2 protein chains.
Amino acid sequence: MNPPPDSPRPRPGGRTARIRDQVLEAVRAELTEHGYDALTVDTVAARAGVHRTTVYRRWRDAGGLITDVVDAASDIDWHPRDTGSLPGDLTALNQEIQDSLLEKPSIAAALIAVSFRSEEAARALRRLWEGRYVQSEIVVERAVRRGELTPPIDARALLIAATAPLYHQLVLLRTPPDPQLPGRAAAGAALAAQSGAFTDSAPDL
Amino acid sequence: MNPPPDSPRPRPGGRTARIRDQVLEAVRAELTEHGYDALTVDTVAARAGVHRTTVYRRWRDAGGLITDVVDAASDIDWHPRDTGSLPGDLTALNQEIQDSLLEKPSIAAALIAVSFRSEEAARALRRLWEGRYVQSEIVVERAVRRGELTPPIDARALLIAATAPLYHQLVLLRTPPDPQLPGRAAAGAALAAQSGAFTDSAPDL
């Protein structure tokens, strides 16, 4: 979708995009260094080196800034890796989640924390996750094509079963990172799916 | 461990316990109505009808009050239900989690939110969950005794796989409550365990 390098079309960027990059980078830095309470249009504008009226006009307030940080993450052309097997694909997905939650500073962890403060941020994060889970359904489609799974499979339920333990342990239980966790959570969900869980006719207990 | 009914020992209650009950009830009410930002020793003391110096002396600050609310929850003599089967026991566990997160107001949801603001609250919640997961290991022991599972089983990994989707969907993704979710997440984890997941020799992928 990007124009070729020497395209005469204006770059999908220019001054407006550059200002957005500077502002969102400042939001991420402020958020991970000083937290949501200290996040204001003024501190962000100062850090970004952008006039505060520009920031006010375009992002309005802290909620607008956070929302745009999340939306910028959604814009990234992300696709789950194809490792050749369902447990492998789910492990790769979990590894990405674990890495993003453990990097220092972690903008993912900071945004989750903010989602408990700002309904606007919570909505933006929900949209981001919704998009990621939709994009991840290809993992299940590939497994069906490989013969690893027999349809019908509730792809969302399988993806949540595979990824939820990562969020649970790292974000809620705050247990020390376990390098085995991405693979084990993935293997558990894959085994469950291959044993008949996550079908639309899953047993009601 | 409790004294027999006619024990001459002072009742493990009396004035001190009554004040604690009043204060913690006021903390829970303030927290769910006005949130963590508005929680102060003064507002809690006023709502509880207890002198503020009593609250200061015993709980010091908002962090101390929250910690004691969580610790009071740990004191409850809680045991997972025995329904006669592993999927049934895990479903009952999940149903309790779902109910506690969805009740209005939900003190469980409020405490999770606070854990992103206060390291003290996060530590208290971690202790509470740690205790609950230890108490829940009986579910796995019963399944082994019934012949539903073959040891060795990593009970904690199985319990987290069963319960994490509830927290993920209700707390992080904030999806609308799904009455099927407790049973489906339980069934998925039980199937995975019966297919060889959560053993100490789980495959490294």
# chains A, B, ... in the order shown; residues from 1 in each chain; ligands from 1
>>> interface_residues(of="chain A", to="chain B", cutoff="7 Å", atoms="only C-alpha atoms", output="number ranges by chain")
A: 88, 113, 116, 126, 160-161, 164-165, 168, 173, 183-184, 187-189, 191-192, 195, 197, 202, 204-205
>>> write_last_selection(atoms="N, CA, C and O atoms", output="PDB file, in the first residue's frame")
ATOM      1  N   GLY A  88       3.288 -24.048  17.643  1.00  0.00           N
ATOM      2  CA  GLY A  88       4.364 -23.106  17.324  1.00  0.00           C
ATOM      3  C   GLY A  88       3.836 -21.705  17.086  1.00  0.00           C
ATOM      4  O   GLY A  88       4.401 -20.725  17.592  1.00  0.00           O
ATOM      5  N   ALA A 113      -2.716  -0.345  32.464  1.00  0.00           N
ATOM      6  CA  ALA A 113      -2.945   0.370  33.728  1.00  0.00           C
ATOM      7  C   ALA A 113      -3.866   1.572  33.500  1.00  0.00           C
ATOM      8  O   ALA A 113      -4.800   1.807  34.272  1.00  0.00           O
ATOM      9  N   PHE A 116      -7.756   1.317  33.367  1.00  0.00           N
ATOM     10  CA  PHE A 116      -8.548   1.279  34.596  1.00  0.00           C
ATOM     11  C   PHE A 116      -8.874   2.672  35.107  1.00  0.00           C
ATOM     12  O   PHE A 116      -9.574   2.839  36.085  1.00  0.00           O
ATOM     13  N   ARG A 126      -9.659  -1.869  23.882  1.00  0.00           N
ATOM     14  CA  ARG A 126     -10.584  -2.931  23.470  1.00  0.00           C
ATOM     15  C   ARG A 126     -10.595  -3.034  21.939  1.00  0.00           C
ATOM     16  O   ARG A 126     -10.556  -4.129  21.397  1.00  0.00           O
ATOM     17  N   ILE A 160      -8.074 -16.957  23.022  1.00  0.00           N
ATOM     18  CA  ILE A 160      -8.110 -16.411  24.386  1.00  0.00           C
ATOM     19  C   ILE A 160      -7.558 -17.429  25.378  1.00  0.00           C
ATOM     20  O   ILE A 160      -6.789 -17.084  26.279  1.00  0.00           O
ATOM     21  N   ALA A 161      -7.906 -18.692  25.196  1.00  0.00           N
ATOM     22  CA  ALA A 161      -7.367 -19.729  26.090  1.00  0.00           C
ATOM     23  C   ALA A 161      -5.837 -19.763  26.014  1.00  0.00           C
ATOM     24  O   ALA A 161      -5.158 -19.961  27.019  1.00  0.00           O
ATOM     25  N   ALA A 164      -4.566 -15.896  27.417  1.00  0.00           N
ATOM     26  CA  ALA A 164      -5.002 -15.349  28.709  1.00  0.00           C
ATOM     27  C   ALA A 164      -4.029 -15.636  29.858  1.00  0.00           C
ATOM     28  O   ALA A 164      -3.802 -14.755  30.695  1.00  0.00           O
ATOM     29  N   PRO A 165      -3.434 -16.844  29.926  1.00  0.00           N
ATOM     30  CA  PRO A 165      -2.513 -17.085  31.050  1.00  0.00           C
ATOM     31  C   PRO A 165      -1.336 -16.105  31.088  1.00  0.00           C
ATOM     32  O   PRO A 165      -0.850 -15.759  32.166  1.00  0.00           O
ATOM     33  N   HIS A 168      -2.743 -12.974  32.556  1.00  0.00           N
ATOM     34  CA  HIS A 168      -3.120 -13.230  33.946  1.00  0.00           C
ATOM     35  C   HIS A 168      -1.890 -13.231  34.847  1.00  0.00           C
ATOM     36  O   HIS A 168      -1.862 -12.557  35.875  1.00  0.00           O
ATOM     37  N   LEU A 173      -1.511 -11.289  38.280  1.00  0.00           N
ATOM     38  CA  LEU A 173      -0.817 -11.956  39.389  1.00  0.00           C
ATOM     39  C   LEU A 173       0.589 -11.396  39.582  1.00  0.00           C
ATOM     40  O   LEU A 173       1.164 -11.531  40.649  1.00  0.00           O
ATOM     41  N   GLY A 183       5.236 -21.082  25.753  1.00  0.00           N
ATOM     42  CA  GLY A 183       5.105 -22.395  25.140  1.00  0.00           C
ATOM     43  C   GLY A 183       4.106 -23.286  25.854  1.00  0.00           C
ATOM     44  O   GLY A 183       3.333 -24.014  25.240  1.00  0.00           O
ATOM     45  N   ARG A 184       4.102 -23.221  27.182  1.00  0.00           N
ATOM     46  CA  ARG A 184       3.200 -24.105  27.923  1.00  0.00           C
ATOM     47  C   ARG A 184       1.746 -23.693  27.765  1.00  0.00           C
ATOM     48  O   ARG A 184       0.869 -24.542  27.614  1.00  0.00           O
ATOM     49  N   ALA A 187       0.760 -24.748  24.293  1.00  0.00           N
ATOM     50  CA  ALA A 187       0.592 -26.197  24.177  1.00  0.00           C
ATOM     51  C   ALA A 187      -0.719 -26.651  24.827  1.00  0.00           C
ATOM     52  O   ALA A 187      -1.427 -27.506  24.292  1.00  0.00           O
ATOM     53  N   GLY A 188      -1.038 -26.055  25.966  1.00  0.00           N
ATOM     54  CA  GLY A 188      -2.278 -26.418  26.658  1.00  0.00           C
ATOM     55  C   GLY A 188      -3.494 -26.107  25.798  1.00  0.00           C
ATOM     56  O   GLY A 188      -4.396 -26.948  25.642  1.00  0.00           O
ATOM     57  N   ALA A 189      -3.514 -24.918  25.210  1.00  0.00           N
ATOM     58  CA  ALA A 189      -4.667 -24.536  24.389  1.00  0.00           C
ATOM     59  C   ALA A 189      -4.746 -25.391  23.126  1.00  0.00           C
ATOM     60  O   ALA A 189      -5.844 -25.785  22.697  1.00  0.00           O
ATOM     61  N   LEU A 191      -3.644 -28.489  22.748  1.00  0.00           N
ATOM     62  CA  LEU A 191      -4.116 -29.825  23.135  1.00  0.00           C
ATOM     63  C   LEU A 191      -5.617 -29.821  23.392  1.00  0.00           C
ATOM     64  O   LEU A 191      -6.337 -30.738  22.982  1.00  0.00           O
ATOM     65  N   ALA A 192      -6.083 -28.783  24.078  1.00  0.00           N
ATOM     66  CA  ALA A 192      -7.523 -28.693  24.361  1.00  0.00           C
ATOM     67  C   ALA A 192      -8.300 -28.655  23.054  1.00  0.00           C
ATOM     68  O   ALA A 192      -9.303 -29.359  22.884  1.00  0.00           O
ATOM     69  N   SER A 195      -8.500 -31.842  21.359  1.00  0.00           N
ATOM     70  CA  SER A 195      -9.304 -32.823  22.091  1.00  0.00           C
ATOM     71  C   SER A 195     -10.783 -32.469  22.047  1.00  0.00           C
ATOM     72  O   SER A 195     -11.586 -33.076  22.759  1.00  0.00           O
ATOM     73  N   ALA A 197     -12.211 -29.208  22.520  1.00  0.00           N
ATOM     74  CA  ALA A 197     -12.683 -27.973  23.161  1.00  0.00           C
ATOM     75  C   ALA A 197     -12.852 -26.903  22.084  1.00  0.00           C
ATOM     76  O   ALA A 197     -12.383 -27.069  20.954  1.00  0.00           O
ATOM     77  N   ALA A 202     -19.327 -27.030  22.321  1.00  0.00           N
ATOM     78  CA  ALA A 202     -18.574 -27.355  23.533  1.00  0.00           C
ATOM     79  C   ALA A 202     -19.553 -27.768  24.627  1.00  0.00           C
ATOM     80  O   ALA A 202     -20.650 -27.220  24.723  1.00  0.00           O
ATOM     81  N   ASP A 204     -21.733 -28.048  27.753  1.00  0.00           N
ATOM     82  CA  ASP A 204     -22.172 -27.135  28.816  1.00  0.00           C
ATOM     83  C   ASP A 204     -22.183 -27.930  30.101  1.00  0.00           C
ATOM     84  O   ASP A 204     -22.850 -28.952  30.188  1.00  0.00           O
ATOM     85  N   LEU A 205     -21.435 -27.470  31.073  1.00  0.00           N
ATOM     86  CA  LEU A 205     -21.266 -28.285  32.294  1.00  0.00           C
ATOM     87  C   LEU A 205     -22.077 -27.752  33.450  1.00  0.00           C
ATOM     88  O   LEU A 205     -22.373 -26.579  33.500  1.00  0.00           O
TER      89      LEU A 205
END
>>> residues_around(residues="range 47-52 of chain B", least_positions_apart="4", cutoff="9 Å", atoms="only C-alpha atoms", output="JSON, numbers by chain")
{"B": [19, 22, 23, 24, 25, 26, 27, 29, 30, 41, 42, 43, 56, 57]}
>>> write_last_selection(atoms="N, CA, C and O atoms", output="PDB file, in the first residue's frame")
ATOM      1  N   ILE B  19     -15.035  -2.326  65.220  1.00  0.00           N
ATOM      2  CA  ILE B  19     -14.497  -1.127  64.556  1.00  0.00           C
ATOM      3  C   ILE B  19     -13.868  -1.503  63.222  1.00  0.00           C
ATOM      4  O   ILE B  19     -14.081  -0.841  62.214  1.00  0.00           O
ATOM      5  N   GLN B  22     -16.592  -2.007  60.685  1.00  0.00           N
ATOM      6  CA  GLN B  22     -17.192  -0.739  60.247  1.00  0.00           C
ATOM      7  C   GLN B  22     -16.263  -0.005  59.279  1.00  0.00           C
ATOM      8  O   GLN B  22     -16.700   0.531  58.272  1.00  0.00           O
ATOM      9  N   VAL B  23     -14.986   0.020  59.638  1.00  0.00           N
ATOM     10  CA  VAL B  23     -14.025   0.757  58.814  1.00  0.00           C
ATOM     11  C   VAL B  23     -13.868   0.084  57.452  1.00  0.00           C
ATOM     12  O   VAL B  23     -13.916   0.756  56.413  1.00  0.00           O
ATOM     13  N   LEU B  24     -13.730  -1.239  57.442  1.00  0.00           N
ATOM     14  CA  LEU B  24     -13.520  -1.918  56.151  1.00  0.00           C
ATOM     15  C   LEU B  24     -14.762  -1.829  55.273  1.00  0.00           C
ATOM     16  O   LEU B  24     -14.669  -1.695  54.051  1.00  0.00           O
ATOM     17  N   GLU B  25     -15.942  -1.865  55.901  1.00  0.00           N
ATOM     18  CA  GLU B  25     -17.174  -1.707  55.131  1.00  0.00           C
ATOM     19  C   GLU B  25     -17.208  -0.310  54.493  1.00  0.00           C
ATOM     20  O   GLU B  25     -17.606  -0.139  53.335  1.00  0.00           O
ATOM     21  N   ALA B  26     -16.746   0.682  55.256  1.00  0.00           N
ATOM     22  CA  ALA B  26     -16.703   2.052  54.721  1.00  0.00           C
ATOM     23  C   ALA B  26     -15.688   2.156  53.574  1.00  0.00           C
ATOM     24  O   ALA B  26     -15.934   2.842  52.575  1.00  0.00           O
ATOM     25  N   VAL B  27     -14.559   1.458  53.699  1.00  0.00           N
ATOM     26  CA  VAL B  27     -13.556   1.479  52.623  1.00  0.00           C
ATOM     27  C   VAL B  27     -14.159   0.881  51.352  1.00  0.00           C
ATOM     28  O   VAL B  27     -14.058   1.461  50.263  1.00  0.00           O
ATOM     29  N   ALA B  29     -17.269   0.639  50.492  1.00  0.00           N
ATOM     30  CA  ALA B  29     -18.317   1.505  49.938  1.00  0.00           C
ATOM     31  C   ALA B  29     -17.701   2.718  49.239  1.00  0.00           C
ATOM     32  O   ALA B  29     -18.080   3.068  48.126  1.00  0.00           O
ATOM     33  N   GLU B  30     -16.719   3.350  49.877  1.00  0.00           N
ATOM     34  CA  GLU B  30     -16.071   4.526  49.274  1.00  0.00           C
ATOM     35  C   GLU B  30     -15.378   4.141  47.968  1.00  0.00           C
ATOM     36  O   GLU B  30     -15.429   4.876  46.983  1.00  0.00           O
ATOM     37  N   VAL B  41      -8.221   8.616  54.759  1.00  0.00           N
ATOM     38  CA  VAL B  41      -8.541   8.211  56.127  1.00  0.00           C
ATOM     39  C   VAL B  41      -9.726   9.032  56.639  1.00  0.00           C
ATOM     40  O   VAL B  41     -10.624   8.504  57.306  1.00  0.00           O
ATOM     41  N   ASP B  42      -9.763  10.312  56.306  1.00  0.00           N
ATOM     42  CA  ASP B  42     -10.837  11.169  56.808  1.00  0.00           C
ATOM     43  C   ASP B  42     -12.214  10.767  56.293  1.00  0.00           C
ATOM     44  O   ASP B  42     -13.172  10.677  57.062  1.00  0.00           O
ATOM     45  N   THR B  43     -12.318  10.532  54.969  1.00  0.00           N
ATOM     46  CA  THR B  43     -13.636  10.162  54.439  1.00  0.00           C
ATOM     47  C   THR B  43     -14.082   8.811  54.989  1.00  0.00           C
ATOM     48  O   THR B  43     -15.256   8.613  55.289  1.00  0.00           O
ATOM     49  N   TYR B  56      -6.272   6.505  61.697  1.00  0.00           N
ATOM     50  CA  TYR B  56      -4.864   6.818  61.399  1.00  0.00           C
ATOM     51  C   TYR B  56      -3.930   5.865  62.133  1.00  0.00           C
ATOM     52  O   TYR B  56      -2.984   5.337  61.582  1.00  0.00           O
ATOM     53  N   ARG B  57      -4.191   5.671  63.432  1.00  0.00           N
ATOM     54  CA  ARG B  57      -3.280   4.871  64.246  1.00  0.00           C
ATOM     55  C   ARG B  57      -3.211   3.438  63.720  1.00  0.00           C
ATOM     56  O   ARG B  57      -2.150   2.840  63.641  1.00  0.00           O
TER      57      ARG B  57
END
>>> atom_distance(atom1="CA of Ala108 in chain B", atom2="CA of Val70 in chain B")
9.2 Å
>>> residues_around(residues="Pro177 in chain A", least_positions_apart="5", cutoff="9 Å", atoms="only C-alpha atoms", output="PyMOL selection string")
chain A and resi 98+102+169-170
>>> write_last_selection(atoms="N, CA and C atoms", output="PDB file, in the first residue's frame")
ATOM      1  N   GLN A  98       4.434 -11.685  25.776  1.00  0.00           N
ATOM      2  CA  GLN A  98       5.321 -11.650  26.944  1.00  0.00           C
ATOM      3  C   GLN A  98       6.396 -10.579  26.779  1.00  0.00           C
ATOM      4  N   LEU A 102       6.972  -7.279  29.171  1.00  0.00           N
ATOM      5  CA  LEU A 102       8.156  -7.281  30.031  1.00  0.00           C
ATOM      6  C   LEU A 102       9.204  -6.250  29.635  1.00  0.00           C
ATOM      7  N   GLN A 169      -0.864 -13.957  34.427  1.00  0.00           N
ATOM      8  CA  GLN A 169       0.313 -14.066  35.286  1.00  0.00           C
ATOM      9  C   GLN A 169       1.136 -12.781  35.310  1.00  0.00           C
ATOM     10  N   LEU A 170       1.294 -12.140  34.168  1.00  0.00           N
ATOM     11  CA  LEU A 170       2.204 -10.989  34.120  1.00  0.00           C
ATOM     12  C   LEU A 170       1.523  -9.688  34.535  1.00  0.00           C
TER      13      LEU A 170
END
>>> closest_residue(among="B:Glu96, B:Asp61, B:Gly131, B:Ala45", to="Asp75 in chain B", atoms="only C-alpha atoms")
B:Gly131
>>> select_by_dssp(residues="range 18-110 of chain B", states="helix (DSSP H, G or I)", output="NGL selection string")
:B and (18-34 or 36-38 or 41-48 or 52-59 or 62-75 or 86-102 or 107-110)
